[in-house]
Structures are given as C-alpha cells and as structure tokens.
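Enquirer: Provided below: model.txt, containing compact mmCIF, C-alpha atoms.
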# COMPACT_ATOMS: atom_id res chain seq x y z
CA MET A 1 -1.77 -4.20 33.14
CA SER A 2 -4.47 -1.58 32.73
CA LYS A 3 -8.08 -2.78 32.68
CA ALA A 4 -9.32 -2.01 29.18
CA HIS A 5 -12.89 -2.41 27.97
CA PRO A 6 -13.46 -6.06 26.90
CA LEU A 7 -14.11 -4.93 23.31
CA VAL A 8 -10.83 -3.00 23.23
CA THR A 9 -9.06 -6.13 24.48
CA LEU A 10 -10.79 -8.18 21.79
CA GLU A 11 -9.88 -5.62 19.12
CA THR A 12 -6.23 -5.75 20.21
CA ILE A 13 -6.20 -9.56 20.07
CA VAL A 14 -7.72 -9.55 16.57
CA LEU A 15 -5.36 -6.87 15.23
CA VAL A 16 -2.16 -8.32 16.69
CA GLY A 17 -3.20 -11.89 15.82
CA ILE A 18 -4.02 -11.14 12.19
CA GLY A 19 -0.84 -9.10 11.80
CA GLY A 20 1.19 -11.92 13.35
CA PHE A 21 -0.41 -14.52 11.07
CA ALA A 22 0.39 -12.49 7.96
CA GLY A 23 3.86 -11.31 9.05
CA SER A 24 5.13 -14.78 9.94
CA ASN A 25 3.74 -16.16 6.69
CA LEU A 26 5.47 -13.52 4.58
CA ARG A 27 8.74 -14.28 6.43
CA TYR A 28 8.26 -18.00 5.69
CA PHE A 29 7.46 -17.18 2.05
CA VAL A 30 10.62 -15.05 1.65
CA GLY A 31 12.58 -17.95 3.20
CA GLN A 32 11.37 -20.27 0.42
CA PHE A 33 13.08 -18.06 -2.17
CA VAL A 34 16.01 -16.80 -0.11
CA PRO A 35 16.75 -19.57 2.42
CA GLY A 36 19.07 -19.39 5.42
CA LEU A 37 21.08 -16.42 6.63
CA GLN A 38 20.42 -14.20 3.63
CA GLY A 39 16.65 -14.54 3.91
CA THR A 40 16.72 -13.69 7.62
CA LEU A 41 19.00 -10.74 6.92
CA LEU A 42 16.61 -9.54 4.21
CA VAL A 43 13.43 -9.69 6.33
CA ASN A 44 15.19 -8.09 9.30
CA ALA A 45 16.57 -5.19 7.24
CA LEU A 46 13.28 -4.58 5.38
CA GLY A 47 11.19 -4.95 8.54
CA SER A 48 13.43 -2.58 10.52
CA PHE A 49 13.09 0.03 7.76
CA ALA A 50 9.29 -0.32 7.61
CA LEU A 51 8.89 -0.30 11.41
CA GLY A 52 11.16 2.74 11.66
CA PHE A 53 9.04 4.49 9.05
CA LEU A 54 5.75 3.83 10.88
CA LEU A 55 7.06 4.71 14.34
CA TYR A 56 8.82 7.91 13.23
CA GLU A 57 5.68 8.79 11.30
CA ALA A 58 3.79 8.51 14.58
CA ILE A 59 6.31 10.82 16.29
CA HIS A 60 6.70 13.50 13.59
CA VAL A 61 3.56 13.39 11.42
CA GLY A 62 0.85 11.31 13.15
CA ILE A 63 -1.55 10.81 10.23
CA ILE A 64 -1.70 7.00 10.43
CA GLY A 65 -4.29 5.81 12.96
CA SER A 66 -3.42 3.88 16.12
CA GLU A 67 -5.32 0.70 15.10
CA THR A 68 -3.48 0.63 11.77
CA LYS A 69 -0.24 1.06 13.66
CA MET A 70 -1.13 -1.80 16.03
CA VAL A 71 -1.80 -4.29 13.22
CA ALA A 72 1.17 -3.13 11.15
CA THR A 73 3.86 -2.76 13.83
CA THR A 74 3.10 -5.01 16.82
CA GLY A 75 1.33 -7.56 14.63
CA PHE A 76 2.82 -7.65 11.16
CA LEU A 77 6.34 -6.18 11.18
CA SER A 78 7.46 -7.48 14.57
CA SER A 79 6.41 -10.97 13.41
CA PHE A 80 7.92 -10.53 9.95
CA THR A 81 11.32 -9.88 11.54
CA THR A 82 12.87 -12.36 13.93
CA TYR A 83 15.67 -12.37 16.46
CA SER A 84 15.56 -16.06 17.44
CA THR A 85 16.21 -17.37 13.93
CA PHE A 86 19.00 -14.79 13.53
CA ALA A 87 20.59 -16.00 16.79
CA VAL A 88 20.28 -19.74 16.04
CA GLU A 89 21.63 -19.29 12.49
CA THR A 90 24.54 -17.25 13.86
CA ILE A 91 25.55 -20.07 16.22
CA GLN A 92 25.49 -22.59 13.37
CA GLN A 93 28.14 -20.68 11.32
CA THR A 94 31.92 -20.72 11.41
CA PRO A 95 33.25 -18.04 13.82
CA ALA A 96 34.19 -15.64 11.00
CA LEU A 97 30.81 -15.95 9.29
CA ALA A 98 29.01 -15.67 12.65
CA VAL A 99 30.72 -12.34 13.38
CA ALA A 100 29.98 -11.14 9.84
CA ASN A 101 26.31 -12.10 10.24
CA VAL A 102 25.97 -10.21 13.53
CA VAL A 103 27.76 -7.11 12.22
CA GLY A 104 25.84 -7.21 8.92
CA SER A 105 22.43 -7.78 10.53
CA TYR A 106 22.92 -5.08 13.16
CA ALA A 107 24.29 -2.60 10.60
CA LEU A 108 21.43 -3.16 8.14
CA GLY A 109 18.80 -3.10 10.91
CA PHE A 110 20.05 0.23 12.29
CA ALA A 111 20.59 1.65 8.79
CA GLY A 112 17.02 0.70 7.89
CA VAL A 113 15.68 2.65 10.88
CA LEU A 114 17.89 5.67 10.08
CA VAL A 115 16.90 5.73 6.39
CA ALA A 116 13.24 5.56 7.46
CA ARG A 117 13.80 8.47 9.87
CA ALA A 118 15.34 10.59 7.10
CA LEU A 119 12.42 9.76 4.81
CA VAL A 120 9.79 10.68 7.45
CA ARG A 121 11.57 13.96 8.19
CA ARG A 122 11.47 14.80 4.50
CA PHE A 123 7.71 14.09 4.35
CA ASP A 124 7.24 16.13 7.49
CA SER A 125 9.05 19.21 6.17
CA GLN A 126 7.18 18.94 2.86
CA SER A 127 3.80 18.86 4.57
CA ARG A 128 4.78 21.80 6.77
CA ARG A 129 5.77 23.80 3.69
CA ARG A 130 2.44 22.98 2.08
CA ASP A 131 0.57 24.07 5.21
CA ALA A 132 2.50 27.33 5.53
CA MET B 1 -3.10 -37.38 10.66
CA VAL B 2 -4.44 -34.87 8.16
CA ALA B 3 -1.63 -32.95 6.47
CA ILE B 4 -1.88 -29.29 7.45
CA ASP B 5 -0.77 -26.62 5.02
CA PRO B 6 2.63 -25.19 6.17
CA ALA B 7 1.26 -21.65 5.80
CA HIS B 8 -1.49 -22.42 8.32
CA LEU B 9 0.96 -23.89 10.82
CA VAL B 10 3.33 -20.92 10.47
CA GLY B 11 0.47 -18.42 10.58
CA THR B 12 -1.21 -19.94 13.63
CA GLY B 13 2.10 -20.11 15.51
CA GLY B 14 2.86 -16.57 14.31
CA ALA B 15 -0.44 -15.17 15.58
CA LEU B 16 0.08 -16.80 19.00
CA GLY B 17 3.71 -15.65 19.14
CA ALA B 18 2.74 -12.05 18.31
CA LEU B 19 0.04 -12.02 21.01
CA ALA B 20 2.41 -13.49 23.58
CA ARG B 21 5.00 -10.82 22.69
CA TYR B 22 2.38 -8.09 23.05
CA TYR B 23 1.35 -9.30 26.52
CA VAL B 24 4.94 -9.76 27.72
CA GLY B 25 5.60 -6.18 26.60
CA GLN B 26 2.55 -4.94 28.52
CA ALA B 27 3.68 -6.79 31.63
CA VAL B 28 7.39 -5.95 31.79
CA ASP B 29 8.19 -3.03 29.48
CA HIS B 30 9.78 -0.03 31.10
CA GLU B 31 9.97 3.58 29.90
CA SER B 32 13.72 3.89 30.38
CA PHE B 33 14.74 0.53 28.91
CA PRO B 34 13.09 -1.88 26.41
CA VAL B 35 12.92 -4.86 28.80
CA GLY B 36 10.02 -6.38 26.85
CA THR B 37 11.94 -6.81 23.60
CA LEU B 38 14.98 -8.14 25.46
CA THR B 39 12.81 -10.66 27.34
CA VAL B 40 11.02 -12.02 24.25
CA ASN B 41 14.27 -12.23 22.28
CA VAL B 42 16.08 -14.21 24.98
CA VAL B 43 13.15 -16.50 25.88
CA GLY B 44 12.21 -17.04 22.22
CA SER B 45 15.81 -17.90 21.32
CA PHE B 46 15.85 -20.50 24.13
CA VAL B 47 12.69 -22.16 22.81
CA LEU B 48 13.89 -22.04 19.19
CA GLY B 49 17.16 -23.56 20.41
CA LEU B 50 15.20 -26.43 21.98
CA VAL B 51 13.21 -26.92 18.76
CA THR B 52 16.43 -26.91 16.74
CA PHE B 53 18.39 -29.35 18.97
CA LEU B 54 15.52 -31.75 19.68
CA SER B 55 14.59 -31.77 15.95
CA PRO B 56 10.91 -32.68 16.32
CA GLY B 57 8.66 -33.34 13.30
CA LYS B 58 8.28 -30.89 10.45
CA SER B 59 4.87 -29.71 11.67
CA VAL B 60 6.15 -28.85 15.17
CA ALA B 61 9.15 -27.03 13.67
CA LEU B 62 6.84 -24.94 11.48
CA LEU B 63 4.26 -24.22 14.19
CA VAL B 64 6.58 -23.59 17.14
CA GLY B 65 9.92 -22.72 15.49
CA VAL B 66 9.17 -20.70 12.36
CA GLY B 67 5.74 -19.48 13.52
CA ALA B 68 5.63 -18.92 17.27
CA CYS B 69 9.33 -18.32 18.08
CA GLY B 70 9.90 -16.36 14.87
CA SER B 71 7.03 -14.00 15.68
CA PHE B 72 7.52 -13.89 19.45
CA THR B 73 11.03 -12.51 18.93
CA THR B 74 11.57 -9.36 16.91
CA PHE B 75 14.48 -7.71 15.16
CA SER B 76 12.65 -4.59 13.96
CA SER B 77 11.61 -3.42 17.45
CA PHE B 78 15.11 -4.18 18.69
CA SER B 79 16.65 -2.03 15.91
CA PHE B 80 14.22 0.82 16.53
CA ASP B 81 14.65 0.72 20.33
CA THR B 82 18.42 0.80 20.01
CA VAL B 83 18.42 3.76 17.61
CA ARG B 84 16.00 5.65 19.90
CA LEU B 85 18.21 5.08 22.96
CA TRP B 86 21.15 6.49 21.00
CA GLU B 87 19.07 9.49 19.86
CA GLU B 88 17.99 10.22 23.42
CA GLY B 89 21.63 10.83 24.24
CA ARG B 90 22.17 7.46 25.92
CA PRO B 91 24.71 5.77 23.62
CA ALA B 92 26.09 3.53 26.38
CA VAL B 93 22.58 2.17 27.08
CA ALA B 94 22.03 1.67 23.33
CA VAL B 95 25.25 -0.36 23.06
CA GLY B 96 24.30 -2.23 26.24
CA ASN B 97 20.91 -3.09 24.74
CA ALA B 98 22.53 -4.38 21.54
CA ALA B 99 25.04 -6.46 23.53
CA LEU B 100 22.46 -7.81 26.00
CA ASN B 101 20.11 -9.00 23.24
CA LEU B 102 22.94 -10.81 21.46
CA GLY B 103 24.63 -12.17 24.59
CA GLY B 104 21.29 -13.16 26.14
CA ALA B 105 20.05 -14.91 23.00
CA LEU B 106 23.32 -16.81 22.43
CA ALA B 107 23.50 -17.84 26.11
CA ALA B 108 19.87 -18.99 25.94
CA ILE B 109 20.64 -21.15 22.90
CA GLY B 110 23.64 -22.59 24.77
CA LEU B 111 21.35 -23.40 27.70
CA ALA B 112 18.85 -25.00 25.31
CA TRP B 113 21.67 -27.17 23.96
CA VAL B 114 22.54 -28.32 27.51
CA VAL B 115 18.87 -29.02 28.30
CA ALA B 116 18.36 -30.88 25.01
CA SER B 117 21.47 -33.03 25.63
CA VAL B 118 20.30 -34.25 29.04
Could you express the structure from this file as structure tokens?
Expert:
Amino acid sequence: MSKAHPLVTLETIVLVGIGGFAGSNLRYFVGQFVPGLQGTLLVNALGSFALGFLLYEAIHVGIIGSETKMVATTGFLSSFTTYSTFAVETIQQTPALAVANVVGSYALGFAGVLVARALVRRFDSQSRRRDA
Amino acid sequence: MVAIDPAHLVGTGGALGALARYYVGQAVDHESFPVGTLTVNVVGSFVLGLVTFLSPGKSVALLVGVGACGSFTTFSSFSFDTVRLWEEGRPAVAVGNAALNLGGALAAIGLAWVVASV
C-alpha cells in the first residue's frame, strides 16, 4: 500500500464511506418495493450499467473528476450492487430457478456494461465532432 | 435496547463494508486479474452465508448481512472487470473470472453452512 498524505487517506475514507452508506441504503430501499431475487437482479443490472458508464467515461472522455468517481463508483455503486446476496439467493432456489437466476443476472450485468460503453462512445464521438 | 432505524444499521454496515472492500482491493488487486473483487465476493458470501444460516436478530442481519456483506461484495465491478478482460482479448480469462466468482461464492456459502451446523 502506498503511503498517501494523511489528508488524502481521510478524504478517501470519507468519500468511500459516504458512498457506501448511501448505496447500501438505496439497495435496501429498492428491496422494500421489489423483494427477493428480482430486487437483487434490478440493483445489479442498474448498478452495472451506471458503473460501466462512469468507468468508460473515465477511459474515453475523462471529464468527471477523480473524487467524484471515487464516491460514485467505489463508494456508491459497488455498495448498491451485491454479489453475496445474489449468491445466497441463488442457493435457496430450485435448481432450474437457480440456473435461470445466474444466467439472467450475468447476462443483464454484462449487457448493462456494454450498453453503457455504447452510450459513452456516442458521447465521445459527439464531443469530438463539436471540437473539430 | 433503543430501537435503531433500519436505514442507519444498513448504512453503517454499508459504509464499513465499502471501506473494507476498498482496502482489500488496495492490498491484493493485480493488474492482470481482478483478485480484489474475487476475494471480497468469496469472503463476503461466506459471511453472509453464516448470517443466513445462524439467523441472528433482525438488527445483526441488517447491519452485517444487508449492510456490510452487501456492500463489501460487488456485482457491478465484477461485471465491468469481466467485460474488460474480454475486450482485452482474453476471453478465456473473462470466462474464468465469471466461473471463479460464482464457484467461489457458492463454495463459501457451502462452507458457511458446514460451520454453522457444527
């Protein structure tokens, strides 16, 4: 682990902690309206899309600042989505439903990232055209 | 005991889980393979398995299960990592990552079941 300035360390703790507080709460809130498998599937698909958008934005465009990215990705979105609940819920299903849940969750998670990538590339080419 | 608002339990656990995930990532993540995400997903699934099988009180389930384990593990980073591995021209590693996360998490829950039954 690199030795960062104490204030940078503190900033990281605050950003990741606040993001984690909010992300886990929104996941819990969604679960109140859409309980069980479907709720987990929903947060994982939405969160994968949003994370894909922010991380591809960082690669292709790079307008969003690194502190914003820290609170939004490592803090908020990674806490909003969950693998452990997905895994425990999968085990509690009948074999057929368990397989369907894994295939569905993986497919929607990857699709979310790919849709986000397409969207970022569109923004990127638009901003290039404007700059040209 | 004073009744604590569920949102505060989930949020506090979530903040701690997110920080723990961040520091595990700093400690073990590798450029060629997302070891950090795999580690948190397997370890977090084990702990959530314990919470599920031991069925503690509602407050512990919210703080540790929904909050800490839910935030410590991540599906979004897993999805992104896997797509990136595929994009980098390493489809076998991408499939391996997807299989290891699932197999590791399910095995960890199985282990938690054994531990909880003892």
Enquirer: Each residue of stretch 12-57 of chain A lying at most 6 Å from stretch 110-128 of chain A should get a row with its shortest atom-to-atom pair and the distance in Å to one decimal, counting all atoms listed in the file; could you produce that, ordered by chain and increasing number, as a Markdown table?
Expert:
| residue | atom | partner | partner_atom | distance |
| --- | --- | --- | --- | --- |
| A:Ala45 | CA | A:Gly112 | CA | 5.9 |
| A:Ser48 | CA | A:Gly112 | CA | 5.5 |
| A:Phe49 | CA | A:Gly112 | CA | 4.0 |
| A:Gly52 | CA | A:Val113 | CA | 4.6 |
| A:Phe53 | CA | A:Ala116 | CA | 4.6 |
| A:Glu57 | CA | A:Val120 | CA | 5.9 |
Enquirer: Write the selection just made, keeping C-alpha atoms, as a PDB file, in the frame of the given file?
Expert:
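Final output, out08.pdb:
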ATOM      1  CA  ALA A  45      16.570  -5.190   7.240  1.00  0.00           C
ATOM      2  CA  SER A  48      13.430  -2.580  10.520  1.00  0.00           C
ATOM      3  CA  PHE A  49      13.090   0.030   7.760  1.00  0.00           C
ATOM      4  CA  GLY A  52      11.160   2.740  11.660  1.00  0.00           C
ATOM      5  CA  PHE A  53       9.040   4.490   9.050  1.00  0.00           C
ATOM      6  CA  GLU A  57       5.680   8.790  11.300  1.00  0.00           C
TER       7      GLU A  57
END
Enquirer: Can you tell me which residues surround stretch 89-102 of chain B at a distance of at most 12 Å, considering all atoms listed in the file, apart from same-chain residues fewer than 3 positions away, and format the answer as number ranges by chain?
Expert: A: 83-84, 86-88, 90-91, 98-99, 101-103, 105-107, 109-110; B: 32-45, 73-75, 77-86, 105-109
Enquirer: For the residues in that selection, give me C-alpha atoms as an mmCIF file, in the frame of the given file.
Expert:
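Generated output (selection_26.cif):
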data_model
loop_
_atom_site.group_PDB
_atom_site.id
_atom_site.type_symbol
_atom_site.label_atom_id
_atom_site.label_comp_id
_atom_site.auth_asym_id
_atom_site.auth_seq_id
_atom_site.Cartn_x
_atom_site.Cartn_y
_atom_site.Cartn_z
ATOM 1 C CA TYR A 83 15.670 -12.370 16.460
ATOM 2 C CA SER A 84 15.560 -16.060 17.440
ATOM 3 C CA PHE A 86 19.000 -14.790 13.530
ATOM 4 C CA ALA A 87 20.590 -16.000 16.790
ATOM 5 C CA VAL A 88 20.280 -19.740 16.040
ATOM 6 C CA THR A 90 24.540 -17.250 13.860
ATOM 7 C CA ILE A 91 25.550 -20.070 16.220
ATOM 8 C CA ALA A 98 29.010 -15.670 12.650
ATOM 9 C CA VAL A 99 30.720 -12.340 13.380
ATOM 10 C CA ASN A 101 26.310 -12.100 10.240
ATOM 11 C CA VAL A 102 25.970 -10.210 13.530
ATOM 12 C CA VAL A 103 27.760 -7.110 12.220
ATOM 13 C CA SER A 105 22.430 -7.780 10.530
ATOM 14 C CA TYR A 106 22.920 -5.080 13.160
ATOM 15 C CA ALA A 107 24.290 -2.600 10.600
ATOM 16 C CA GLY A 109 18.800 -3.100 10.910
ATOM 17 C CA PHE A 110 20.050 0.230 12.290
ATOM 18 C CA SER B 32 13.720 3.890 30.380
ATOM 19 C CA PHE B 33 14.740 0.530 28.910
ATOM 20 C CA PRO B 34 13.090 -1.880 26.410
ATOM 21 C CA VAL B 35 12.920 -4.860 28.800
ATOM 22 C CA GLY B 36 10.020 -6.380 26.850
ATOM 23 C CA THR B 37 11.940 -6.810 23.600
ATOM 24 C CA LEU B 38 14.980 -8.140 25.460
ATOM 25 C CA THR B 39 12.810 -10.660 27.340
ATOM 26 C CA VAL B 40 11.020 -12.020 24.250
ATOM 27 C CA ASN B 41 14.270 -12.230 22.280
ATOM 28 C CA VAL B 42 16.080 -14.210 24.980
ATOM 29 C CA VAL B 43 13.150 -16.500 25.880
ATOM 30 C CA GLY B 44 12.210 -17.040 22.220
ATOM 31 C CA SER B 45 15.810 -17.900 21.320
ATOM 32 C CA THR B 73 11.030 -12.510 18.930
ATOM 33 C CA THR B 74 11.570 -9.360 16.910
ATOM 34 C CA PHE B 75 14.480 -7.710 15.160
ATOM 35 C CA SER B 77 11.610 -3.420 17.450
ATOM 36 C CA PHE B 78 15.110 -4.180 18.690
ATOM 37 C CA SER B 79 16.650 -2.030 15.910
ATOM 38 C CA PHE B 80 14.220 0.820 16.530
ATOM 39 C CA ASP B 81 14.650 0.720 20.330
ATOM 40 C CA THR B 82 18.420 0.800 20.010
ATOM 41 C CA VAL B 83 18.420 3.760 17.610
ATOM 42 C CA ARG B 84 16.000 5.650 19.900
ATOM 43 C CA LEU B 85 18.210 5.080 22.960
ATOM 44 C CA TRP B 86 21.150 6.490 21.000
ATOM 45 C CA ALA B 105 20.050 -14.910 23.000
ATOM 46 C CA LEU B 106 23.320 -16.810 22.430
ATOM 47 C CA ALA B 107 23.500 -17.840 26.110
ATOM 48 C CA ALA B 108 19.870 -18.990 25.940
ATOM 49 C CA ILE B 109 20.640 -21.150 22.900
#
Enquirer: Quote the spacing between atom CA of A:Ser66 and atom CA of A:Ile18 in Å to one decimal place.
Expert: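 If I compute the distance from atom CA of A:Ser66 to atom CA of A:Ile18, I get 15.5 Å.
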Enquirer: Between atom CA of A:Leu55 and atom CA of A:Gly36, what distance in Å does the model show, to one decimal?
Expert: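 Taking atom CA of A:Leu55 and atom CA of A:Gly36, their separation equals 28.4 Å.
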Enquirer: Just how far from atom CA of A:Leu15 is atom CA of A:Leu37, in Å to one decimal?
Expert: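 One can read the atom CA of A:Leu37 to atom CA of A:Leu15 distance as 29.4 Å.
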Enquirer: Check the smallest atom-to-atom distance from each of B:Ser117, B:Val24, B:Cys69, B:Val51 to chain A using all atoms listed in the file, then report the winner.
Expert: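 Of B:Ser117, B:Val24, B:Cys69, B:Val51, the one nearest chain A is B:Cys69, counting all atoms listed in the file.
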Enquirer: Residues of chain A near chain B: apply a cut-off of 6 Å, count only C-alpha atoms, and supply the list as a ChimeraX atom specification.
Expert: /A:17,20-21,24-25,44,47-48,75,78-79,81-84,109-110
Enquirer: Please determine an axis-aligned box that encloses all atoms of stretch 33-38 of chain A listed in the file, with 5 Å added on each side, and express its centre and edge lengths in Å to one decimal as lines of an AutoDock Vina configuration file.
Expert:
center_x = 17.1
center_y = -16.9
center_z = 2.2
size_x = 18.0
size_y = 15.4
size_z = 18.8
Enquirer: As a short mmCIF file (atom, residue, chain, number, x, y, z; two decimals) with C-alpha atoms, in the frame of the given file, please: the residues near A:Gly19 (cut-off 6 Å, only C-alpha atoms, same-chain neighbours under 4 positions excluded).
Expert:
data_model
loop_
_atom_site.label_atom_id
_atom_site.label_comp_id
_atom_site.auth_asym_id
_atom_site.auth_seq_id
_atom_site.Cartn_x
_atom_site.Cartn_y
_atom_site.Cartn_z
CA GLY A 23 3.86 -11.31 9.05
CA VAL A 71 -1.80 -4.29 13.22
CA GLY A 75 1.33 -7.56 14.63
CA PHE A 76 2.82 -7.65 11.16
#
